[in-house]
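This report refers to the structure that appears directly beneath it.
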Amino acid sequence: MLGDDRRRNSFFGGRMSFDQYLEQAWNIHGKNPEDVARDLSNGVRLVVNRDQAEKMARLIGHLFTDHVKDFEMGLGWLEQLAHQTQDSINNNSSLVGRQARSFRMAMGHEIDLSELTVSGRVQVLAQAAAAAMAVGNWDKTQAWLRQAALIARDELLSTDPVHRTLAVVANNVAAEIEEMAASDLRRSGFGVESAQIARVHWEKAGTWLETGRSEYRICKSALAQGDVRQAERAAQNYLEICERHKADALEVFFACEAQFEVARAEGQGSAAQSWFERAKTTFQEISETDRLWVQGTMNQIEKNLRVM
């Protein structure tokens with residue numbers, strides 16, 4: 001039986017509509033993922049149409065991939081969601097069905113993607129790569145992300161919104177590898193490759209802002225890999241994008257940080273000092289709210305300069 005939009009009680013704070021529930025769930029899932037997972041029944045039963053089902057499927061996919069990391073439980077909620085809307089969990093055209101396939105792949109099942117559209121195959125592979133990364137299965141992460149990127153390059157329409165999904169996953173893979181200090185994977189070049197995949201697809205799915213930030217990610221990934229020349233090119237691209245679009249102080253600060261780190265890696269003390277001074281000046285122009293979370297980066301730049 002389909003649900004309705006009657007307000008129901010949940011731990012979020014009383015009776016609410018589907019939209020209110022979803023907003024609250026996204027707002028608190030980062031700090032309280034287990035609580036959100038336990039309360040999903042209150043959200044699922046508010047779903048009355050396919051649009052709402054897809055919105056809920058996005059939450060379930062993210063929650064059980066990046067936070068709870070329990071694909072079987074996530075699959076169970078997707079099955080309930082499909083039942084709620086009188087749909088099939090194997091529906092090739094629904095986001096619910098595609099997310100279910102991604103979970104099954106990450107759980108080790110052999111999944112036939114041949115009946116999916118090009119967009120569907122890219123989405124399932126990208127989501128499966130994210131799930132594999134979440135549990136440390138880097139062989140599958142690499143294989144599925146590369147496969148998704150290859151299909152997207154050859155077959156995906158430039159206007160397809162799945163470019164955004166692929167860009168987000170590739171960026172997250174690159175960022176994760178960057179943090180894996182001294183690992184073979186970090187040295188392998190896959191971090192830079194992932195950042196470059198993100199760059200390609202942000203150019204299709206995002207704005208100059210996402211494109212610029214993807215250059216920043218390429219720079220940081222290249223530095224982590226030890227490829228200073230590539231890092232230098234990416235840092236310069238990022239700075240030029242910021243200047244071309246008259247970016248705000250927050251964006252320019254990170255462009256300066258990238259330039260500083262390249263100069264430091266090259267052992268160019270005077271250039272590093274210059275970029276430090278520009279970063280410090282730009283930091284003061286950032287809004288007070290943003291300075292709170294940027295402060296750690298500013299401190300790290302100053303610390304890195306002292307030990308050069």
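Each chain in the structure tokens gets a letter, A, B and so on, in the order shown; residues start at 1 in every chain, and ligands are counted from 1 in the order they appear.
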
Near-Trp208 of chain A list (10 Å; only C-alpha atoms; drop same-chain fewer than 3 positions) as a PDB file with N, CA and C atoms, in the first residue's frame:
ATOM      1  N   TRP A 202      33.479  17.098 -13.903  1.00  0.00           N
ATOM      2  CA  TRP A 202      33.000  18.354 -13.330  1.00  0.00           C
ATOM      3  C   TRP A 202      32.860  19.417 -14.410  1.00  0.00           C
ATOM      4  N   GLU A 203      33.699  19.347 -15.425  1.00  0.00           N
ATOM      5  CA  GLU A 203      33.597  20.319 -16.513  1.00  0.00           C
ATOM      6  C   GLU A 203      32.258  20.181 -17.237  1.00  0.00           C
ATOM      7  N   THR A 211      35.209  22.975 -11.408  1.00  0.00           N
ATOM      8  CA  THR A 211      36.340  22.696 -12.296  1.00  0.00           C
ATOM      9  C   THR A 211      37.640  23.171 -11.672  1.00  0.00           C
ATOM     10  N   GLY A 212      37.614  24.365 -11.082  1.00  0.00           N
ATOM     11  CA  GLY A 212      38.802  24.884 -10.415  1.00  0.00           C
ATOM     12  C   GLY A 212      39.215  24.022  -9.235  1.00  0.00           C
ATOM     13  N   ARG A 213      38.241  23.618  -8.450  1.00  0.00           N
ATOM     14  CA  ARG A 213      38.557  22.786  -7.288  1.00  0.00           C
ATOM     15  C   ARG A 213      39.079  21.416  -7.695  1.00  0.00           C
ATOM     16  N   SER A 214      38.667  20.947  -8.870  1.00  0.00           N
ATOM     17  CA  SER A 214      39.205  19.670  -9.335  1.00  0.00           C
ATOM     18  C   SER A 214      40.677  19.817  -9.729  1.00  0.00           C
ATOM     19  N   TYR A 238      44.430  26.236 -11.536  1.00  0.00           N
ATOM     20  CA  TYR A 238      43.477  26.633 -10.492  1.00  0.00           C
ATOM     21  C   TYR A 238      43.535  28.134 -10.265  1.00  0.00           C
ATOM     22  N   ILE A 241      41.951  30.026 -13.160  1.00  0.00           N
ATOM     23  CA  ILE A 241      40.492  29.935 -13.129  1.00  0.00           C
ATOM     24  C   ILE A 241      39.930  30.905 -12.095  1.00  0.00           C
ATOM     25  N   CYS A 242      40.560  30.970 -10.933  1.00  0.00           N
ATOM     26  CA  CYS A 242      40.115  31.903  -9.887  1.00  0.00           C
ATOM     27  C   CYS A 242      40.197  33.344 -10.367  1.00  0.00           C
ATOM     28  N   ARG A 244      40.287  34.446 -13.497  1.00  0.00           N
ATOM     29  CA  ARG A 244      39.399  34.685 -14.634  1.00  0.00           C
ATOM     30  C   ARG A 244      37.971  34.948 -14.178  1.00  0.00           C
ATOM     31  N   HIS A 245      37.572  34.261 -13.113  1.00  0.00           N
ATOM     32  CA  HIS A 245      36.183  34.377 -12.655  1.00  0.00           C
ATOM     33  C   HIS A 245      36.050  35.245 -11.407  1.00  0.00           C
ATOM     34  N   ALA A 247      37.182  35.035  -8.357  1.00  0.00           N
ATOM     35  CA  ALA A 247      36.760  34.193  -7.234  1.00  0.00           C
ATOM     36  C   ALA A 247      36.869  34.947  -5.914  1.00  0.00           C
TER      37      ALA A 247
END

Pick out each residue of segment 141-236 of chain A that DSSP on the backbone tags as alpha helix (DSSP H); I need them as a ChimeraX atom specification.
-> /A:141-155,162-178,184-188,190-205,208-225,228-236

Pull the closest atom pair for each residue of segment 147-220 of chain A that gets at most 7 Å from segment 106-126 of chain A, along with the distance in Å to one decimal, counting only C-alpha atoms, ordering rows by chain and then ascending residue number, as a Markdown table.
| residue | atom | partner | partner_atom | distance |
| --- | --- | --- | --- | --- |
| A:Ala148 | CA | A:Val122 | CA | 4.8 |
| A:Ile151 | CA | A:Val122 | CA | 6.7 |
| A:Ala152 | CA | A:Val122 | CA | 6.5 |
| A:Glu155 | CA | A:Val118 | CA | 6.7 |
| A:Leu156 | CA | A:Val118 | CA | 6.2 |
| A:Val162 | CA | A:Gln123 | CA | 6.1 |
| A:Thr165 | CA | A:Gln123 | CA | 6.8 |
| A:Leu166 | CA | A:Ala126 | CA | 5.7 |
| A:Val169 | CA | A:Ala126 | CA | 6.5 |

Can you write just those residues out, N, CA and C atoms, as an mmCIF file, in the first residue's frame?
data_model
loop_
_atom_site.group_PDB
_atom_site.id
_atom_site.type_symbol
_atom_site.label_atom_id
_atom_site.label_comp_id
_atom_site.auth_asym_id
_atom_site.auth_seq_id
_atom_site.Cartn_x
_atom_site.Cartn_y
_atom_site.Cartn_z
ATOM 1 N N ALA A 148 33.589 2.790 -15.379
ATOM 2 C CA ALA A 148 32.588 3.855 -15.474
ATOM 3 C C ALA A 148 33.105 5.016 -16.311
ATOM 4 N N ILE A 151 33.173 4.053 -20.114
ATOM 5 C CA ILE A 151 31.840 4.079 -20.723
ATOM 6 C C ILE A 151 31.373 5.520 -20.895
ATOM 7 N N ALA A 152 31.607 6.335 -19.867
ATOM 8 C CA ALA A 152 31.178 7.734 -19.930
ATOM 9 C C ALA A 152 31.902 8.471 -21.053
ATOM 10 N N GLU A 155 30.389 6.902 -24.487
ATOM 11 C CA GLU A 155 28.969 6.738 -24.793
ATOM 12 C C GLU A 155 28.017 7.701 -24.089
ATOM 13 N N LEU A 156 28.441 8.315 -22.993
ATOM 14 C CA LEU A 156 27.500 9.097 -22.193
ATOM 15 C C LEU A 156 27.306 10.489 -22.791
ATOM 16 N N VAL A 162 24.403 12.117 -14.713
ATOM 17 C CA VAL A 162 25.257 11.115 -14.075
ATOM 18 C C VAL A 162 26.731 11.529 -14.121
ATOM 19 N N THR A 165 27.549 12.420 -10.645
ATOM 20 C CA THR A 165 27.803 11.270 -9.774
ATOM 21 C C THR A 165 29.234 10.770 -9.942
ATOM 22 N N LEU A 166 29.657 10.634 -11.181
ATOM 23 C CA LEU A 166 30.999 10.138 -11.457
ATOM 24 C C LEU A 166 32.056 11.122 -10.964
ATOM 25 N N VAL A 169 32.294 10.835 -7.038
ATOM 26 C CA VAL A 169 32.953 9.601 -6.606
ATOM 27 C C VAL A 169 34.452 9.666 -6.904
#

Close residues, segment 191-194 of chain A itself excluded, 7 Å, only C-alpha atoms, min 2 positions apart in chain, as JSON, numbers by chain | {"A": [170, 171, 173, 174, 177, 178, 186, 189, 196, 197, 198, 218, 221, 222]}

Considering only C-alpha atoms, state which residue in the set A:Ala57, A:Asp66, A:Leu305, A:Ala255 is at the smallest distance from Gln268 of chain A.
-> A:Leu305

Extract, using only C-alpha atoms, all DNA, RNA and protein residues at most 7 Å from Phe71 of chain A, discarding same-chain residues fewer than 4 positions from it, and format them as a PyMOL selection string.
-> chain A and resi 64-65+75+103+107

Generate a file of the selected residues that holds N, CA and C atoms, formatted as a short mmCIF file (atom, residue, chain, number, x, y, z; two decimals), in the first residue's frame.
data_model
loop_
_atom_site.label_atom_id
_atom_site.label_comp_id
_atom_site.auth_asym_id
_atom_site.auth_seq_id
_atom_site.Cartn_x
_atom_site.Cartn_y
_atom_site.Cartn_z
N PHE A 64 24.47 4.27 3.89
CA PHE A 64 24.98 2.92 4.10
C PHE A 64 26.28 2.65 3.33
N THR A 65 26.68 3.59 2.47
CA THR A 65 27.98 3.49 1.82
C THR A 65 29.05 4.20 2.63
N LEU A 75 20.53 -2.49 1.38
CA LEU A 75 19.73 -3.19 0.37
C LEU A 75 18.34 -3.51 0.92
N PHE A 103 24.97 -1.94 -4.44
CA PHE A 103 25.19 -2.63 -3.17
C PHE A 103 25.49 -4.11 -3.41
N MET A 107 28.81 -6.30 -2.46
CA MET A 107 28.68 -7.48 -1.59
C MET A 107 29.27 -8.74 -2.25
#

Surrounding residues of Ser88 of chain A excluding itself and chain neighbours under 5 positions, 8 Å, only C-alpha atoms, as an MDAnalysis selection string = chainID A and resid 82:83 97

Report the distance between atom CA of Ala129 of chain A and atom CA of Leu150 of chain A in Å, rounded to one decimal place.
-> 13.7 Å
